[in-house]
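Data block below; observations after.
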Amino acid sequence: SQLKSRRRIGFDGRGFVDLSTRLAKMPYQELTDLIGIGSLPIITKAIPDLLNQLPTSVCEGVLKNLWTLSQDEIIRNSSISSTEAFLLGLKKIMLDAVKNDPGSKQTISPAVLRALQKATIGYIFSDLCKNASPSNPVCMLNSENIWSSYIRCLEIIPVAVISESDVLKSEINLGNIYGIALCARVLSSMSGSSASNRTRKIETFIACQNYPGNSNNDIRVIDQIRAVLVTSLAIAPQPQSETEMKESVMNIFEIMLVQGGKTFGLELLAIKVAFWWES
């Protein structure tokens with residue numbers, strides 16, 4: 001509230017902003033011991049107001065510190081509140097920056113905006129793949145909401161900036177496949193290319209994964225199964241033409257012919273045909 005309040009005579013807010021910056025740099029445990037566990041989302045929610053008043057030289061560091069705190073909250077406290085508040089704040093900052101209203105004053109520098117964009121397609125994406133995947137019990141029921149917020153941020157970033165990201169173009173693995181699958185359609189639409197090539201790579205990876213035998217309640221095996229199946233559900237509704245659908249099905253059949261029937265190809269095929277039939 002102090003960040004939004006009107007200026008008072010003899011008060012320029014620098015002391016409060018300095019205190020906020022120091023809080024953002026504190027380790028998670030020390031911060032929550034000081035302000036309480038439920039207060040962290042309030043701080044992350046204030047990101048737009050905080051960054052608008054910080055010097056350009058410290059904005060990037062404060063942003064990364066607050067993001068790290070929100071991820072620590074997932075790991076330590078099984079809560080996604082700060083992550084959701086952070087992504088909503090990030091979207092507001094980038095939307096305000098690209099409105100280009102001639103009558104409004106630019107509140108964030110181009111350098112800070114660029115840093116926010118690179119963070120979104122860099123370490124933020126990587127951390128969400130790790131901490132906001134369906135295989136994480138904390139985010140199992142809320143991962144879709146978190147990723148929806150992330151994708152809304154991604155849609156604001158210029159294609160030229162996204163094309164520079166090594167993270168979004170990295171090799172597909174079980175750790176990042178869900179995030180890449182969710183971003184495939186929006187990235188293709190932004191670049192004006194077909195989503196079929198991106199989707200085909202994901203489908204090929206899934207169809208080549210060997211289905212584990214008796215897991216004996218092995219958490220890692222269960223997480224693998226969950227990640228593959230949920231990713232299959234994520235890409236199945238993505239629109240495809242009749243020709244693309246036929247090519248996709250033939251590709252899966254070819255993999256099953258070579259790899260045998262002990263892969264996830266059959267599950268993927270069943271999910272795709274079910275969605276295609278309903279549509």
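Labels for the structure tokens follow display order: chains A, B, ..., residues from 1 in each chain, ligands from 1.
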>> Need to verify the contact set: segment 109-119 of chain A, 12 Å, only C-alpha atoms, exclusion of same-chain residues closer than 4 positions in sequence. Can you return it as number ranges by chain?
In response: A: 47-48, 51-65, 67-68, 86-87, 89-98, 105, 123-127, 150, 153-168
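Atom to atom, atom CA of Leu23 of chain A and atom CA of Ser70 of chain A stand 13.1 Å apart.
Put simply, atom CA of Ile121 of chain A is 14.5 Å away from atom CA of Ser148 of chain A.
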>> At a cut-off of 12 Å, using only C-alpha atoms, what residues contact Ser39 of chain A? Leave out same-chain residues fewer than 3 positions from it and give the result as a PyMOL selection string.
In response: chain A and resi 23+28+31-36+42-46+69-70+73+81-82+85
>> Can you tell me, as number ranges by chain, which residues in segment 101-207 of chain A count as alpha helix (DSSP H) by DSSP?
In response: A: 110-120, 123-131, 143-154, 159-162, 177-191, 196-207
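Reported to one decimal place, the separation of atom CA of Phe205 of chain A from atom CA of Ile177 of chain A is 8.8 Å.
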>> I'd like to know which of A:Glu267, A:Glu244, A:Glu144, A:Asp72 is closest to Tyr211 of chain A, using only C-alpha atoms.
In response: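 When distances to Tyr211 of chain A are compared using only C-alpha atoms, the smallest one comes from A:Glu267.
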Please identify every residue of segment 102-211 of chain A that has at least one atom no farther than 9 Å from an atom of segment 221-243 of chain A, counting only C-alpha atoms, and for each give the shortest atom pair and the distance in Å to one decimal, arranged by chain then increasing number, as CSV.
```
residue,atom,partner,partner_atom,distance
A:Ser133,CA,A:Ala227,CA,7.5
A:Pro134,CA,A:Ala227,CA,6.3
A:Ser135,CA,A:Asp223,CA,5.0
A:Asn136,CA,A:Asp223,CA,7.9
A:Leu174,CA,A:Ala227,CA,7.0
A:Gly175,CA,A:Ala227,CA,8.3
A:Ile177,CA,A:Thr231,CA,7.0
A:Tyr178,CA,A:Thr231,CA,5.1
A:Gly179,CA,A:Thr231,CA,8.5
A:Ala181,CA,A:Ile235,CA,6.1
A:Leu182,CA,A:Ala234,CA,6.5
A:Ala184,CA,A:Ile235,CA,8.6
A:Arg185,CA,A:Gln238,CA,7.2
A:Ala195,CA,A:Gln240,CA,8.4
A:Ser196,CA,A:Gln240,CA,7.3
A:Thr199,CA,A:Ile235,CA,7.0
A:Ile202,CA,A:Ile235,CA,8.4
A:Glu203,CA,A:Ser232,CA,7.7
A:Ile206,CA,A:Val228,CA,6.4
A:Gln209,CA,A:Val228,CA,8.5
A:Tyr211,CA,A:Ile225,CA,7.8
```
Saved selection, atoms kept: all heavy atoms, as a compact mmCIF listing (two decimals), in the first residue's frame:
```
# COMPACT_ATOMS: atom_id res chain seq x y z
N SER A 133 5.39 -29.10 -12.58
CA SER A 133 5.00 -30.19 -13.46
C SER A 133 3.94 -31.05 -12.78
O SER A 133 3.85 -31.06 -11.55
CB SER A 133 6.22 -31.06 -13.80
OG SER A 133 6.64 -31.78 -12.65
N PRO A 134 3.13 -31.77 -13.56
CA PRO A 134 2.10 -32.62 -12.95
C PRO A 134 2.68 -33.73 -12.08
O PRO A 134 1.96 -34.30 -11.26
CB PRO A 134 1.39 -33.22 -14.18
CG PRO A 134 1.71 -32.31 -15.29
CD PRO A 134 3.08 -31.78 -15.01
N SER A 135 3.97 -34.03 -12.26
CA SER A 135 4.59 -35.07 -11.43
C SER A 135 4.90 -34.58 -10.03
O SER A 135 5.21 -35.37 -9.14
CB SER A 135 5.87 -35.58 -12.09
OG SER A 135 6.80 -34.54 -12.28
N ASN A 136 4.81 -33.25 -9.83
CA ASN A 136 5.01 -32.68 -8.51
C ASN A 136 3.67 -32.70 -7.77
O ASN A 136 2.73 -32.03 -8.17
CB ASN A 136 5.52 -31.24 -8.62
CG ASN A 136 5.85 -30.63 -7.27
OD1 ASN A 136 5.46 -31.14 -6.22
ND2 ASN A 136 6.58 -29.52 -7.29
N LEU A 174 12.20 -35.83 -20.16
CA LEU A 174 11.06 -36.01 -19.25
C LEU A 174 10.88 -34.83 -18.31
O LEU A 174 9.79 -34.60 -17.79
CB LEU A 174 11.23 -37.30 -18.44
CG LEU A 174 11.04 -38.60 -19.23
CD1 LEU A 174 11.42 -39.80 -18.38
CD2 LEU A 174 9.60 -38.73 -19.71
N GLY A 175 11.95 -34.07 -18.10
CA GLY A 175 11.86 -32.93 -17.19
C GLY A 175 11.18 -31.72 -17.81
O GLY A 175 10.54 -30.94 -17.09
N ILE A 177 9.30 -31.85 -20.95
CA ILE A 177 8.36 -32.18 -22.03
C ILE A 177 6.98 -31.55 -21.82
O ILE A 177 6.35 -31.08 -22.77
CB ILE A 177 8.24 -33.71 -22.20
CG1 ILE A 177 7.38 -34.03 -23.43
CG2 ILE A 177 7.67 -34.37 -20.94
CD1 ILE A 177 7.37 -35.50 -23.78
N TYR A 178 6.51 -31.49 -20.58
CA TYR A 178 5.18 -30.93 -20.33
C TYR A 178 5.16 -29.43 -20.66
O TYR A 178 4.24 -28.95 -21.32
CB TYR A 178 4.79 -31.16 -18.87
CG TYR A 178 3.40 -30.68 -18.52
CD1 TYR A 178 2.27 -31.31 -19.03
CD2 TYR A 178 3.22 -29.59 -17.67
CE1 TYR A 178 1.00 -30.87 -18.72
CE2 TYR A 178 1.94 -29.14 -17.35
CZ TYR A 178 0.84 -29.78 -17.87
OH TYR A 178 -0.42 -29.34 -17.55
N GLY A 179 6.17 -28.70 -20.21
CA GLY A 179 6.23 -27.27 -20.50
C GLY A 179 6.36 -26.99 -21.98
O GLY A 179 5.70 -26.08 -22.52
N ALA A 181 5.37 -28.90 -24.42
CA ALA A 181 4.11 -29.25 -25.07
C ALA A 181 3.08 -28.14 -24.93
O ALA A 181 2.37 -27.80 -25.88
CB ALA A 181 3.56 -30.55 -24.47
N LEU A 182 2.98 -27.53 -23.74
CA LEU A 182 2.01 -26.47 -23.52
C LEU A 182 2.36 -25.21 -24.31
O LEU A 182 1.47 -24.46 -24.73
CB LEU A 182 1.93 -26.15 -22.03
CG LEU A 182 1.31 -27.22 -21.13
CD1 LEU A 182 1.36 -26.78 -19.67
CD2 LEU A 182 -0.13 -27.51 -21.53
N ALA A 184 4.04 -25.17 -27.20
CA ALA A 184 4.24 -25.45 -28.62
C ALA A 184 3.28 -24.65 -29.50
O ALA A 184 3.68 -24.03 -30.48
CB ALA A 184 4.09 -26.95 -28.89
N ARG A 185 2.00 -24.68 -29.16
CA ARG A 185 1.01 -24.03 -30.02
C ARG A 185 1.18 -22.52 -30.04
O ARG A 185 1.14 -21.90 -31.11
CB ARG A 185 -0.40 -24.39 -29.56
CG ARG A 185 -1.49 -23.79 -30.44
CD ARG A 185 -2.85 -24.36 -30.13
NE ARG A 185 -3.24 -24.18 -28.75
CZ ARG A 185 -4.36 -24.64 -28.23
NH1 ARG A 185 -5.20 -25.31 -28.99
NH2 ARG A 185 -4.66 -24.43 -26.97
N ALA A 195 2.22 -25.78 -36.14
CA ALA A 195 2.53 -26.42 -34.86
C ALA A 195 2.83 -27.90 -35.02
O ALA A 195 3.28 -28.55 -34.09
CB ALA A 195 1.36 -26.24 -33.89
N SER A 196 2.57 -28.44 -36.23
CA SER A 196 2.69 -29.88 -36.43
C SER A 196 4.12 -30.37 -36.21
O SER A 196 4.32 -31.47 -35.68
CB SER A 196 2.20 -30.27 -37.83
OG SER A 196 2.96 -29.61 -38.82
N THR A 199 4.77 -30.45 -32.49
CA THR A 199 3.96 -31.51 -31.89
C THR A 199 4.51 -32.89 -32.26
O THR A 199 4.53 -33.80 -31.44
CB THR A 199 2.49 -31.39 -32.35
OG1 THR A 199 2.00 -30.10 -32.01
CG2 THR A 199 1.63 -32.45 -31.69
N ILE A 202 7.36 -33.95 -30.08
CA ILE A 202 6.90 -34.35 -28.74
C ILE A 202 6.26 -35.74 -28.80
O ILE A 202 6.53 -36.60 -27.95
CB ILE A 202 5.90 -33.32 -28.19
CG1 ILE A 202 6.59 -31.96 -28.04
CG2 ILE A 202 5.34 -33.77 -26.84
CD1 ILE A 202 5.64 -30.81 -27.79
N GLU A 203 5.43 -35.95 -29.81
CA GLU A 203 4.78 -37.26 -29.96
C GLU A 203 5.80 -38.37 -30.17
O GLU A 203 5.67 -39.48 -29.63
CB GLU A 203 3.80 -37.22 -31.12
CG GLU A 203 2.59 -36.35 -30.87
CD GLU A 203 1.68 -36.27 -32.07
OE1 GLU A 203 2.08 -36.72 -33.16
OE2 GLU A 203 0.55 -35.76 -31.93
N ILE A 206 7.40 -39.24 -26.87
CA ILE A 206 6.49 -40.02 -26.01
C ILE A 206 6.38 -41.45 -26.51
O ILE A 206 6.47 -42.40 -25.73
CB ILE A 206 5.10 -39.35 -25.98
CG1 ILE A 206 5.17 -38.01 -25.24
CG2 ILE A 206 4.08 -40.26 -25.29
CD1 ILE A 206 3.88 -37.23 -25.29
N GLN A 209 9.15 -43.82 -25.54
CA GLN A 209 9.41 -44.12 -24.12
C GLN A 209 8.91 -45.52 -23.78
O GLN A 209 7.75 -45.84 -24.02
CB GLN A 209 8.73 -43.08 -23.22
CG GLN A 209 9.23 -41.67 -23.42
CD GLN A 209 10.72 -41.56 -23.23
OE1 GLN A 209 11.25 -41.86 -22.16
NE2 GLN A 209 11.42 -41.12 -24.28
N TYR A 211 7.43 -48.41 -21.68
CA TYR A 211 6.51 -48.48 -20.55
C TYR A 211 7.14 -49.34 -19.46
O TYR A 211 7.52 -50.48 -19.72
CB TYR A 211 5.17 -49.08 -20.97
CG TYR A 211 4.05 -48.82 -19.99
CD1 TYR A 211 3.24 -47.72 -20.14
CD2 TYR A 211 3.84 -49.66 -18.91
CE1 TYR A 211 2.21 -47.45 -19.25
CE2 TYR A 211 2.82 -49.42 -18.00
CZ TYR A 211 2.01 -48.30 -18.18
OH TYR A 211 1.01 -48.04 -17.28
```
